[in-house]
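S.K.: My file is start38.txt. It has compact mmCIF, C-alpha atoms:
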```
# COMPACT_ATOMS: atom_id res chain seq x y z
CA MET A 3 166.65 172.17 110.59
CA TYR A 4 166.12 169.61 113.37
CA SER A 5 168.26 166.54 112.65
CA GLY A 6 166.86 164.22 115.32
CA ARG A 7 170.35 163.79 116.78
CA LYS A 8 171.22 164.72 120.35
CA GLU A 9 172.86 168.13 120.62
CA VAL A 10 176.21 168.05 122.42
CA ILE A 11 179.23 170.13 123.19
CA VAL A 12 182.33 168.13 122.32
CA TYR A 13 184.95 168.37 125.04
CA GLY A 14 188.50 167.30 124.26
CA LEU A 15 190.01 167.98 120.83
CA GLY A 16 193.00 165.69 120.98
CA LYS A 17 193.91 162.46 119.18
CA ASP A 18 190.81 160.49 120.22
CA PHE A 19 188.62 163.22 118.80
CA GLU A 20 190.58 163.47 115.55
CA ASP A 21 190.53 159.68 115.06
CA PHE A 22 186.77 159.49 115.48
CA ARG A 23 185.57 162.93 114.47
CA LYS A 24 183.42 161.62 111.59
CA THR A 25 181.81 159.02 113.85
CA ILE A 26 181.02 161.66 116.48
CA GLU A 27 179.62 164.20 114.05
CA ALA A 28 177.51 161.52 112.32
CA GLU A 29 175.99 160.39 115.63
CA TYR A 30 175.50 163.78 117.34
CA GLN A 31 174.50 167.31 116.41
CA VAL A 32 177.62 169.16 117.56
CA VAL A 33 176.74 172.67 118.73
CA GLY A 34 180.21 173.60 119.94
CA TYR A 35 183.76 172.47 120.67
CA SER A 36 185.70 172.91 123.90
CA ASP A 37 189.13 172.17 125.33
CA THR A 38 191.44 173.45 128.04
CA ASP A 39 193.90 174.31 125.27
CA ILE A 40 192.47 177.59 124.02
CA ASP A 41 194.96 177.58 121.12
CA LYS A 42 192.56 175.17 119.47
CA ALA A 43 189.90 177.86 119.36
CA ASN A 44 191.12 178.91 115.93
CA ARG A 45 190.68 175.38 114.53
CA TYR A 46 187.15 174.58 115.69
CA SER A 47 184.05 176.70 115.47
CA PRO A 48 182.10 177.54 117.46
CA PHE A 49 184.66 177.17 120.22
CA ILE A 50 183.27 177.32 123.77
CA ALA A 51 185.55 178.10 126.69
CA VAL A 52 185.31 175.62 129.56
CA ASP A 53 183.86 178.24 131.91
CA GLU A 54 181.12 179.00 129.36
CA ILE A 55 179.88 175.41 129.20
CA ARG A 56 178.20 175.89 132.58
CA GLU A 57 175.88 178.52 131.07
CA LYS A 58 174.68 176.16 128.32
CA GLU A 59 172.00 173.47 128.48
CA ASN A 60 173.49 170.93 126.10
CA HIS A 61 174.97 167.59 127.06
CA VAL A 62 178.77 167.35 127.07
CA LEU A 63 180.54 164.57 125.18
CA ILE A 64 183.98 163.80 126.62
CA THR A 65 186.13 162.42 123.81
CA SER A 66 189.07 161.17 125.86
CA THR A 67 188.66 157.48 126.65
CA LYS A 68 191.80 157.22 128.76
CA TYR A 69 191.06 160.15 131.07
CA PHE A 70 187.26 160.11 131.03
CA ASP A 71 186.76 159.84 134.80
CA GLU A 72 189.28 162.59 135.61
CA ILE A 73 187.80 164.99 133.08
CA LYS A 74 184.28 164.25 134.24
CA ALA A 75 185.22 165.04 137.83
CA SER A 76 186.91 168.28 136.71
CA LEU A 77 183.81 169.42 134.78
CA ILE A 78 181.54 168.65 137.71
CA ALA A 79 183.86 170.68 139.96
CA LYS A 80 183.37 173.62 137.56
CA GLY A 81 179.63 173.48 138.14
CA ILE A 82 178.54 171.39 135.16
CA GLY A 83 175.78 169.01 136.22
CA GLU A 84 176.67 165.33 136.15
CA ASP A 85 173.39 164.60 134.35
CA ARG A 86 174.65 166.67 131.40
CA ILE A 87 177.74 164.54 130.85
CA GLU A 88 177.16 161.90 128.17
CA GLU A 89 177.72 158.54 129.83
CA GLY A 90 179.66 156.09 127.71
CA GLY A 91 180.36 158.87 125.25
CA LEU A 92 183.03 158.11 122.70
CA GLU A 93 183.70 154.66 124.19
CA ARG A 94 180.13 153.65 123.32
CA LEU A 95 180.55 154.90 119.77
CA ILE A 96 183.84 153.10 119.31
CA GLN A 97 182.29 149.88 120.55
CA LYS A 98 179.17 150.20 118.41
CA PRO A 99 179.50 146.99 116.32
CA VAL A 100 180.85 147.21 112.81
CA LEU A 101 182.21 144.60 110.38
CA VAL A 102 185.06 145.42 108.03
CA VAL A 103 186.34 142.91 105.46
CA THR A 104 189.66 143.46 103.73
CA ILE A 105 189.57 143.49 99.93
CA HIS A 106 192.94 142.67 98.38
CA ALA A 107 194.79 140.84 95.58
CA GLY A 108 193.43 140.15 92.07
CA MET A 109 189.94 140.07 90.59
CA GLY A 110 189.12 136.52 91.69
CA ASN A 111 189.99 137.23 95.30
CA ILE A 112 188.09 140.52 95.25
CA LEU A 113 184.96 138.56 94.32
CA PHE A 114 185.51 136.06 97.14
CA CYS A 115 186.06 138.77 99.75
CA TYR A 116 183.00 140.73 98.66
CA ALA A 117 180.83 137.59 98.70
CA PHE A 118 182.05 136.69 102.21
CA GLY A 119 181.15 140.18 103.42
CA GLN A 120 177.66 139.82 101.98
CA MET A 121 177.27 136.54 103.85
CA LEU A 122 178.27 138.27 107.10
CA GLN A 123 175.67 140.94 106.37
CA GLU A 124 173.03 138.25 105.86
CA ILE A 125 173.91 136.60 109.19
CA HIS A 126 174.25 139.88 111.13
CA PRO A 127 171.76 142.27 109.47
CA GLU A 128 171.90 144.71 112.36
CA VAL A 129 175.64 145.34 111.91
CA PRO A 130 176.89 147.43 108.96
CA VAL A 131 179.49 145.76 106.70
CA TYR A 132 182.22 147.78 105.02
CA TYR A 133 185.29 146.89 102.96
CA ASP A 134 188.85 148.04 103.57
CA ILE A 135 190.35 148.76 100.13
CA SER A 136 193.48 150.54 101.38
CA TRP A 137 195.71 147.71 100.05
CA TYR A 138 195.20 149.06 96.52
CA PHE A 139 196.44 152.51 97.42
CA GLU A 140 199.08 151.76 100.06
CA ILE A 141 200.57 148.41 98.96
CA ASN A 142 199.84 147.76 95.28
CA ARG A 143 198.58 150.87 93.51
CA PRO A 144 198.69 149.36 89.96
CA PHE A 145 196.00 146.89 91.06
CA ALA A 146 193.66 149.78 91.93
CA ARG A 147 192.41 149.64 88.34
CA LEU A 148 190.58 146.44 89.33
CA LEU A 149 188.21 148.47 91.49
CA THR A 150 187.30 150.53 88.42
CA HIS A 151 186.82 147.33 86.44
CA LEU A 152 184.51 146.06 89.17
CA GLU A 153 182.23 149.06 88.69
CA LYS A 154 182.41 148.75 84.92
CA MET A 155 181.72 145.01 84.70
CA PHE A 156 179.14 144.59 87.46
CA HIS A 157 178.14 148.17 88.31
CA LEU A 158 179.38 147.28 91.79
CA SER A 159 180.68 150.06 94.01
CA LEU A 160 182.08 148.74 97.26
CA PRO A 161 180.93 150.38 100.52
CA ALA A 162 184.48 151.37 101.46
CA ALA A 163 185.54 151.79 105.07
CA ASP A 164 187.32 155.03 105.85
CA GLU A 165 190.36 155.08 108.13
CA GLU A 166 188.22 155.88 111.15
CA THR A 167 185.92 152.89 110.59
CA VAL A 168 188.90 150.57 110.11
CA LYS A 169 190.36 151.72 113.44
CA ARG A 170 187.01 151.21 115.12
CA ALA A 171 186.68 147.69 113.71
CA LYS A 172 190.20 146.72 114.75
CA ARG A 173 189.50 147.87 118.31
CA GLN A 174 186.55 145.47 118.35
CA GLY A 175 188.63 142.50 117.21
CA TYR A 176 191.06 141.45 114.50
CA THR A 177 190.27 138.13 112.78
CA VAL A 178 192.78 136.57 110.40
CA GLN A 179 191.73 133.50 108.41
CA ARG A 180 194.25 130.68 108.54
CA GLU A 181 195.89 130.07 105.18
CA SER A 182 193.85 127.17 103.86
CA LEU A 183 190.94 126.42 101.56
CA VAL A 184 189.04 124.61 104.30
CA PHE A 185 185.71 126.08 105.36
CA GLU A 186 185.40 127.01 109.04
CA GLU A 187 181.95 128.02 110.24
CA LYS A 188 183.39 129.76 113.29
CA TYR A 189 183.94 132.94 111.28
CA PHE A 190 180.18 133.36 110.80
CA LYS A 191 179.72 133.67 114.56
CA ILE A 192 181.86 136.81 114.81
CA ASN A 193 179.54 139.82 114.75
CA GLN A 194 182.00 142.71 114.95
CA GLY A 195 185.54 143.62 114.10
CA PHE A 196 188.05 143.45 111.28
CA PHE A 197 188.50 140.45 108.95
CA ARG A 198 191.50 139.60 106.80
CA GLY A 199 191.57 136.53 104.56
CA TYR A 200 190.73 135.14 101.13
CA TRP A 201 187.59 133.02 101.81
CA GLU A 202 188.15 130.82 98.74
CA THR A 203 185.19 128.45 98.80
CA SER A 204 181.53 128.96 97.98
CA LYS A 205 180.72 127.72 101.48
CA TYR A 206 181.70 131.17 102.72
CA PHE A 207 178.73 132.66 100.84
CA SER A 208 176.39 129.66 100.82
CA GLY A 209 173.43 131.66 102.14
CA VAL A 210 173.63 134.41 99.51
CA LYS A 211 174.52 132.49 96.34
CA GLU A 212 171.59 133.80 94.34
CA LYS A 213 172.31 137.35 95.44
CA ILE A 214 175.92 136.96 94.34
CA ARG A 215 174.87 135.57 90.96
CA GLU A 216 172.57 138.54 90.48
CA THR A 217 175.33 140.95 91.49
CA TYR A 218 177.99 139.41 89.27
CA GLN A 219 176.08 140.03 86.05
CA PHE A 220 178.45 141.30 83.37
CA ASP A 221 177.62 144.39 81.36
CA GLU A 222 178.32 143.46 77.72
CA ALA A 223 178.45 147.12 76.70
CA PHE A 224 182.18 147.30 77.47
CA LEU A 225 183.21 144.27 75.41
CA SER A 226 185.56 145.15 72.57
CA ALA A 227 184.38 144.47 69.01
CA GLU A 228 186.72 141.49 68.88
CA GLN A 229 185.38 140.08 72.13
CA LYS A 230 181.81 140.43 70.86
CA ASN A 231 182.74 138.36 67.82
CA ILE A 232 184.36 135.77 70.06
CA LEU A 233 181.25 135.65 72.27
CA LYS A 234 179.06 135.03 69.23
CA LYS A 235 181.32 132.17 68.17
CA ILE A 236 181.30 130.74 71.70
CA ARG A 237 177.52 130.67 71.75
CA ASN A 238 177.26 129.01 68.34
CA THR A 239 179.75 126.15 68.88
CA GLU A 240 180.40 123.29 71.31
CA SER A 241 182.72 125.71 73.06
CA VAL A 242 185.28 124.62 75.66
CA ALA A 243 187.15 127.31 77.61
CA VAL A 244 190.70 126.42 78.70
CA TRP A 245 192.49 128.69 81.17
CA PHE A 246 196.29 128.60 81.41
CA ARG A 247 197.58 130.48 84.45
CA ARG A 248 201.28 131.15 84.00
CA GLY A 249 203.13 134.43 84.55
CA ASP A 250 203.53 134.98 88.30
CA TYR A 251 202.82 131.28 88.99
CA LEU A 252 206.23 130.49 87.45
CA ALA A 253 208.12 132.92 89.70
CA PRO A 254 210.53 131.22 92.15
CA GLU A 255 208.69 132.63 95.17
CA ASN A 256 205.34 131.21 93.98
CA ILE A 257 206.14 127.93 92.32
CA GLY A 258 206.38 126.08 95.64
CA CYS A 259 202.73 126.85 96.33
CA PHE A 260 201.15 126.90 92.86
CA GLY A 261 203.61 125.15 90.56
CA ASN A 262 203.62 121.68 88.99
CA ILE A 263 199.86 121.26 89.41
CA CYS A 264 198.37 122.35 86.10
CA THR A 265 201.02 120.58 84.06
CA GLN A 266 201.01 119.82 80.35
CA GLU A 267 199.84 116.34 81.29
CA TYR A 268 196.82 117.83 83.08
CA TYR A 269 195.78 119.92 80.07
CA ASP A 270 196.35 117.07 77.59
CA LYS A 271 194.25 114.70 79.68
CA ALA A 272 191.46 117.24 80.18
CA MET A 273 191.33 118.29 76.53
CA ASN A 274 191.35 114.68 75.33
CA TYR A 275 188.46 113.96 77.70
CA MET A 276 186.47 116.83 76.19
CA LYS A 277 187.26 115.63 72.66
CA SER A 278 186.08 112.11 73.47
CA ARG A 279 182.86 113.39 75.03
CA TYR A 280 182.04 116.15 72.55
CA LYS A 281 183.07 115.32 68.98
CA ASP A 282 182.57 118.91 67.83
CA ALA A 283 184.46 120.46 70.76
CA ALA A 284 185.80 123.90 69.87
CA PHE A 285 188.55 125.03 72.23
CA PHE A 286 188.94 128.65 73.27
CA ILE A 287 192.30 129.19 74.94
CA PHE A 288 192.65 131.91 77.59
CA SER A 289 195.86 132.77 79.42
CA ASN A 290 197.90 135.50 81.06
CA ASP A 291 200.79 134.38 78.82
CA SER A 292 199.80 135.18 75.23
CA GLU A 293 203.20 134.29 73.78
CA TYR A 294 203.05 130.80 75.24
CA ILE A 295 199.59 129.96 73.91
CA ALA A 296 200.39 131.47 70.51
CA GLU A 297 203.39 129.15 70.27
CA HIS A 298 201.77 125.95 71.59
CA TYR A 299 198.04 126.17 70.72
CA SER A 300 197.88 128.02 67.42
CA GLU A 301 195.37 125.49 65.99
CA TYR A 302 192.67 126.61 68.45
CA ASN A 303 190.77 129.83 69.13
CA LEU A 304 193.24 132.02 70.99
CA MET A 305 192.29 135.01 73.09
CA LEU A 306 194.87 137.45 71.75
CA TYR A 307 194.18 141.16 71.42
CA ASP A 308 196.02 143.70 69.31
CA ASP A 309 195.38 146.76 71.49
CA ASP A 310 196.14 147.58 75.10
CA THR A 311 193.99 145.06 76.94
CA SER A 312 194.30 146.38 80.49
CA ASP A 313 190.69 147.58 80.49
CA ILE A 314 189.12 144.53 78.81
CA LYS A 315 191.15 141.52 79.90
CA ASP A 316 188.96 140.88 82.95
CA TYR A 317 186.09 140.22 80.55
CA ASP A 318 187.86 136.95 79.75
CA MET A 319 186.07 135.71 82.87
CA TYR A 320 182.77 136.43 81.15
CA LEU A 321 183.83 134.83 77.89
CA MET A 322 184.97 131.70 79.74
CA SER A 323 181.77 131.51 81.78
CA SER A 324 179.80 131.78 78.51
CA CYS A 325 181.43 128.65 77.06
CA LYS A 326 179.46 125.41 77.27
CA HIS A 327 182.30 123.61 79.06
CA LEU A 328 185.43 124.66 80.96
CA ILE A 329 188.89 123.42 81.87
CA ILE A 330 190.19 125.62 84.66
CA ALA A 331 193.49 126.13 86.45
CA ASN A 332 194.23 126.45 90.15
CA SER A 333 193.38 130.15 90.04
CA THR A 334 190.52 132.13 91.53
CA PHE A 335 189.99 133.94 88.22
CA SER A 336 189.07 130.73 86.40
CA TRP A 337 187.28 129.44 89.52
CA TRP A 338 184.79 132.29 89.23
CA ALA A 339 184.35 131.72 85.50
CA ALA A 340 183.40 128.12 86.30
CA TRP A 341 181.14 129.04 89.22
CA LEU A 342 179.30 131.73 87.26
CA HIS A 343 178.88 129.25 84.41
CA GLY A 344 176.82 127.00 86.71
CA ASP A 345 176.25 123.26 86.71
CA LYS A 346 175.38 122.78 83.03
CA GLY A 347 177.96 121.22 80.75
CA THR A 348 181.28 119.79 81.92
CA ILE A 349 183.80 121.52 84.17
CA ILE A 350 187.23 120.02 84.79
CA ALA A 351 189.48 121.25 87.59
CA PRO A 352 192.89 120.09 88.85
CA GLU A 353 192.64 117.49 91.60
CA LYS A 354 195.12 119.49 93.68
CA TRP A 355 194.78 123.24 94.18
CA LEU A 356 197.76 124.19 96.33
CA ASN A 357 200.98 122.42 97.28
CA GLU A 358 201.50 123.84 100.76
CA ARG A 359 198.00 124.29 102.21
CA GLU A 360 194.84 122.31 102.82
CA ASP A 361 192.35 122.70 99.98
CA THR A 362 189.44 120.34 100.63
CA ASP A 363 186.61 122.85 100.06
CA ILE A 364 187.67 124.69 96.91
CA TRP A 365 185.84 122.46 94.41
CA GLU A 366 182.15 122.44 93.58
CA GLU A 367 180.58 119.01 93.83
CA TYR A 368 179.69 118.81 90.14
CA TRP A 369 183.25 119.55 88.92
CA ILE A 370 185.38 116.70 87.57
CA LYS A 371 188.80 116.56 89.21
CA MET A 372 191.81 115.41 87.16
```
What would the structure in this file look like if it were written as structure tokens?

M.R.:
Amino acid sequence: MYSGRKEVIVYGLGKDFEDFRKTIEAEYQVVGYSDTDIDKANRYSPFIAVDEIREKENHVLITSTKYFDEIKASLIAKGIGEDRIEEGGLERLIQKPVLVVTIHAGMGNILFCYAFGQMLQEIHPEVPVYYDISWYFEINRPFARLLTHLEKMFHLSLPAADEETVKRAKRQGYTVQRESLVFEEKYFKINQGFFRGYWETSKYFSGVKEKIRETYQFDEAFLSAEQKNILKKIRNTESVAVWFRRGDYLAPENIGCFGNICTQEYYDKAMNYMKSRYKDAAFFIFSNDSEYIAEHYSEYNLMLYDDDTSDIKDYDMYLMSSCKHLIIANSTFSWWAAWLHGDKGTIIAPEKWLNEREDTDIWEEYWIKM
């Protein structure tokens, strides 16, 4: 069946070919493979000897970028017409613009990175956007479950970049966001290459906010029975979500950046403010430290589960966003709960987000900082 792609004989079956084989075979209709090393004849079919290329009519795609000119001259010397040699060849394919955004870290940061990629796609519609998810399989495999949760919660399957696409993007440019929460428009002007960062402000997806809200719609079907009861209670009371981020934030290597911001004083002040403003305030306490909240906040509604919660804990974001008001921590998980909640009700956030980095653009304008 005619594919509409140009038919070519691929010449050169070395590293450049192996690195970009999928790109080549997606762009061209490969009718044969050729190389001076005839030992490769057993690995590629149909294999065409160099002397046989002259008898064919197809164009020849030289896959070596480093020795293109030398190989071209050699093929011409063997009687292969210069007009049959694909100009630009692999180099053109490698340079064909692509955008790859790294997805890494926890659920909150996944949502930021995905949203930033969608903004890039909006700005550069002619360039395909992919996501590099290799971090979850090469660096932190236990976190790979979050990708499954993403599909379960939002029915969102990331267009993942394969190794070949990542290499192609990195050849076109490697952009690393400086470690701050300050918006920089310059990143929107880059229309190809590889991006690595966290993109933790809604300004990095300002042009696609409605699209992101539509995408991040939770599927209630996977809520546990207990969570469904909690959700019903949330909807029928003057509910206030309070998120305590502890755990890794208390580790010596992290406390310098995240510690001593959401102190007991912060929570007391925020909760007292809610009590003074809403006389029937019903507090729902969420945390990644269940023992701590059970010990200190037993008089409130505590999000404690009896079973293994690894598959349902991320739905705490949904439960928090469903509350009428929120008190959040300096965490991206609670940030998204507040953002998805919208501008109705009262949202309180810490007046400082990080100790060691600039953070001027993390807050939404309607949040109250304390």

S.K.: Could you check which of A:Lys315, A:Lys205, A:His298, A:Lys74 is closest to A:Arg147, using all atoms listed in the file?

M.R.: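 Answer, going by the shortest atom-to-atom distance: A:Lys315.
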
S.K.: Check the smallest atom-to-atom distance from each of A:Tyr13, A:Trp355, A:Tyr69, A:Tyr138 to A:Phe260 using only C-alpha atoms, then report the winner.

M.R.: A:Trp355

S.K.: To one decimal place, how far is atom CA of A:Gly34 from atom CA of A:Ala51 in Å?

M.R.: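 Atom-to-atom, atom CA of A:Gly34 and atom CA of A:Ala51 are spaced 9.7 Å apart.
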
S.K.: Would you mind telling me which residue in A:Tyr294, A:Lys211, A:Gly261, A:Glu165 lies nearest to A:Gly344 when using all atoms listed in the file?

M.R.: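 Closest to A:Gly344, using all atoms listed in the file: A:Lys211.
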
S.K.: Which distance in Å separates atom CA of A:Val62 and atom CA of A:Tyr30, to one decimal?

M.R.: 10.9 Å

S.K.: Quick check, in Å to one decimal: how far apart do atom CA of A:Leu158 and atom CA of A:Trp338 lie?

M.R.: 16.1 Å

S.K.: Taking all atoms listed in the file into account, which of A:Trp341, A:Tyr132, A:Cys325, A:Met372 comes nearest A:Glu212?

M.R.: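 For A:Glu212, the nearest of the given residues is A:Trp341.
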
S.K.: Given all atoms listed in the file as the basis, pick out the residue of A:Glu228, A:Glu240, A:Asp291, A:Glu54 nearest to A:Lys277.

M.R.: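 Using all atoms listed in the file, the shortest distance to A:Lys277 belongs to A:Glu240.
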
S.K.: Return the single residue from A:Met155, A:Leu328, A:Leu101, A:Ile26 that is closest to A:Ile125, with distances computed using all atoms listed in the file.

M.R.: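 Nearest candidate to A:Ile125 out of A:Met155, A:Leu328, A:Leu101, A:Ile26: A:Leu101.
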
S.K.: For A:Arg180, work out the shell of residues within 10 Å, counting only C-alpha atoms and skipping chain neighbours fewer than 3 positions away, then give it as JSON, numbers by chain.

M.R.: {"A": [177, 183, 184, 186, 198, 199, 200, 201, 359]}

S.K.: Skipping near chain neighbours, those fewer than 3 positions away, what residues fall within 8 Å of A:Val131 using all atoms listed in the file, listed as a tab-separated table (two decimals) with C-alpha atoms, in the coordinates of the input?

M.R.:
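Result saved to part09.tsv:
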```tsv
chain	number	residue	atom	x	y	z
A	100	VAL	CA	180.85	147.21	112.81
A	101	LEU	CA	182.21	144.60	110.38
A	102	VAL	CA	185.06	145.42	108.03
A	103	VAL	CA	186.34	142.91	105.46
A	119	GLY	CA	181.15	140.18	103.42
A	120	GLN	CA	177.66	139.82	101.98
A	122	LEU	CA	178.27	138.27	107.10
A	123	GLN	CA	175.67	140.94	106.37
A	161	PRO	CA	180.93	150.38	100.52
```

S.K.: Could you work out an axis-aligned bounding box for all listed atoms of stretch 319-328 of chain A, with 4 Å added on each of the six sides, and give its centre and edge lengths in Å to one decimal, as lines of an AutoDock Vina configuration file?

M.R.:
```
center_x = 182.8
center_y = 130.0
center_z = 80.0
size_x = 14.6
size_y = 20.8
size_z = 13.8
```

S.K.: Missing atoms in stretch 286-295 of chain A: fill them in up to all heavy atoms and send the result as an mmCIF file, keeping the file's coordinate frame.

M.R.:
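Final file, selection-v7.cif:
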```
data_model
loop_
_atom_site.group_PDB
_atom_site.id
_atom_site.type_symbol
_atom_site.label_atom_id
_atom_site.label_comp_id
_atom_site.auth_asym_id
_atom_site.auth_seq_id
_atom_site.Cartn_x
_atom_site.Cartn_y
_atom_site.Cartn_z
ATOM 1 N N PHE A 286 188.617 127.229 73.180
ATOM 2 C CA PHE A 286 188.940 128.650 73.270
ATOM 3 C C PHE A 286 189.977 128.781 74.384
ATOM 4 O O PHE A 286 189.691 128.495 75.553
ATOM 5 C CB PHE A 286 187.689 129.476 73.571
ATOM 6 C CG PHE A 286 186.709 129.505 72.438
ATOM 7 C CD1 PHE A 286 185.866 128.431 72.187
ATOM 8 C CD2 PHE A 286 186.639 130.614 71.600
ATOM 9 C CE1 PHE A 286 184.969 128.452 71.132
ATOM 10 C CE2 PHE A 286 185.742 130.651 70.545
ATOM 11 C CZ PHE A 286 184.905 129.568 70.307
ATOM 12 N N ILE A 287 191.180 129.184 74.011
ATOM 13 C CA ILE A 287 192.300 129.190 74.940
ATOM 14 C C ILE A 287 192.498 130.580 75.526
ATOM 15 O O ILE A 287 192.711 131.561 74.794
ATOM 16 C CB ILE A 287 193.603 128.735 74.246
ATOM 17 C CG1 ILE A 287 193.373 127.445 73.444
ATOM 18 C CG2 ILE A 287 194.711 128.557 75.281
ATOM 19 C CD1 ILE A 287 192.986 126.248 74.273
ATOM 20 N N PHE A 288 192.456 130.666 76.856
ATOM 21 C CA PHE A 288 192.650 131.910 77.590
ATOM 22 C C PHE A 288 193.905 131.775 78.449
ATOM 23 O O PHE A 288 194.167 130.710 79.000
ATOM 24 C CB PHE A 288 191.462 132.203 78.502
ATOM 25 C CG PHE A 288 190.142 132.354 77.789
ATOM 26 C CD1 PHE A 288 189.411 131.239 77.402
ATOM 27 C CD2 PHE A 288 189.627 133.617 77.530
ATOM 28 C CE1 PHE A 288 188.180 131.375 76.766
ATOM 29 C CE2 PHE A 288 188.404 133.768 76.889
ATOM 30 C CZ PHE A 288 187.681 132.637 76.501
ATOM 31 N N SER A 289 194.643 132.858 78.609
ATOM 32 C CA SER A 289 195.860 132.770 79.420
ATOM 33 C C SER A 289 196.355 134.173 79.756
ATOM 34 O O SER A 289 196.013 135.156 79.088
ATOM 35 C CB SER A 289 196.942 132.004 78.662
ATOM 36 O OG SER A 289 198.154 131.947 79.401
ATOM 37 N N ASN A 290 197.202 134.248 80.782
ATOM 38 C CA ASN A 290 197.900 135.500 81.060
ATOM 39 C C ASN A 290 199.306 135.469 80.446
ATOM 40 O O ASN A 290 200.166 136.274 80.793
ATOM 41 C CB ASN A 290 197.990 135.745 82.578
ATOM 42 C CG ASN A 290 198.757 134.652 83.309
ATOM 43 O OD1 ASN A 290 198.950 133.550 82.787
ATOM 44 N ND2 ASN A 290 199.178 134.937 84.536
ATOM 45 N N ASP A 291 199.515 134.515 79.524
ATOM 46 C CA ASP A 291 200.790 134.380 78.820
ATOM 47 C C ASP A 291 200.486 134.180 77.335
ATOM 48 O O ASP A 291 200.452 133.052 76.836
ATOM 49 C CB ASP A 291 201.579 133.196 79.384
ATOM 50 C CG ASP A 291 202.999 133.105 78.822
ATOM 51 O OD1 ASP A 291 203.253 133.686 77.756
ATOM 52 O OD2 ASP A 291 203.837 132.432 79.449
ATOM 53 N N SER A 292 200.230 135.271 76.622
ATOM 54 C CA SER A 292 199.800 135.180 75.230
ATOM 55 C C SER A 292 200.865 134.580 74.317
ATOM 56 O O SER A 292 200.549 133.871 73.356
ATOM 57 C CB SER A 292 199.386 136.569 74.720
ATOM 58 O OG SER A 292 200.455 137.482 74.834
ATOM 59 N N GLU A 293 202.134 134.847 74.613
ATOM 60 C CA GLU A 293 203.200 134.290 73.780
ATOM 61 C C GLU A 293 203.232 132.772 73.858
ATOM 62 O O GLU A 293 203.426 132.086 72.850
ATOM 63 C CB GLU A 293 204.553 134.877 74.203
ATOM 64 C CG GLU A 293 204.712 136.358 73.893
ATOM 65 C CD GLU A 293 206.096 136.863 74.228
ATOM 66 O OE1 GLU A 293 206.981 136.024 74.542
ATOM 67 O OE2 GLU A 293 206.301 138.095 74.186
ATOM 68 N N TYR A 294 203.018 132.258 75.051
ATOM 69 C CA TYR A 294 203.050 130.800 75.240
ATOM 70 C C TYR A 294 201.924 130.118 74.471
ATOM 71 O O TYR A 294 202.151 129.129 73.767
ATOM 72 C CB TYR A 294 202.941 130.477 76.733
ATOM 73 C CG TYR A 294 202.866 128.995 77.024
ATOM 74 C CD1 TYR A 294 204.017 128.224 77.114
ATOM 75 C CD2 TYR A 294 201.629 128.360 77.210
ATOM 76 C CE1 TYR A 294 203.948 126.859 77.379
ATOM 77 C CE2 TYR A 294 201.548 127.009 77.465
ATOM 78 C CZ TYR A 294 202.710 126.258 77.550
ATOM 79 O OH TYR A 294 202.639 124.914 77.802
ATOM 80 N N ILE A 295 200.707 130.639 74.585
ATOM 81 C CA ILE A 295 199.590 129.960 73.910
ATOM 82 C C ILE A 295 199.665 130.140 72.396
ATOM 83 O O ILE A 295 199.242 129.267 71.637
ATOM 84 C CB ILE A 295 198.225 130.408 74.463
ATOM 85 C CG1 ILE A 295 197.964 131.893 74.200
ATOM 86 C CG2 ILE A 295 198.110 130.076 75.943
ATOM 87 C CD1 ILE A 295 196.538 132.305 74.528
#
```
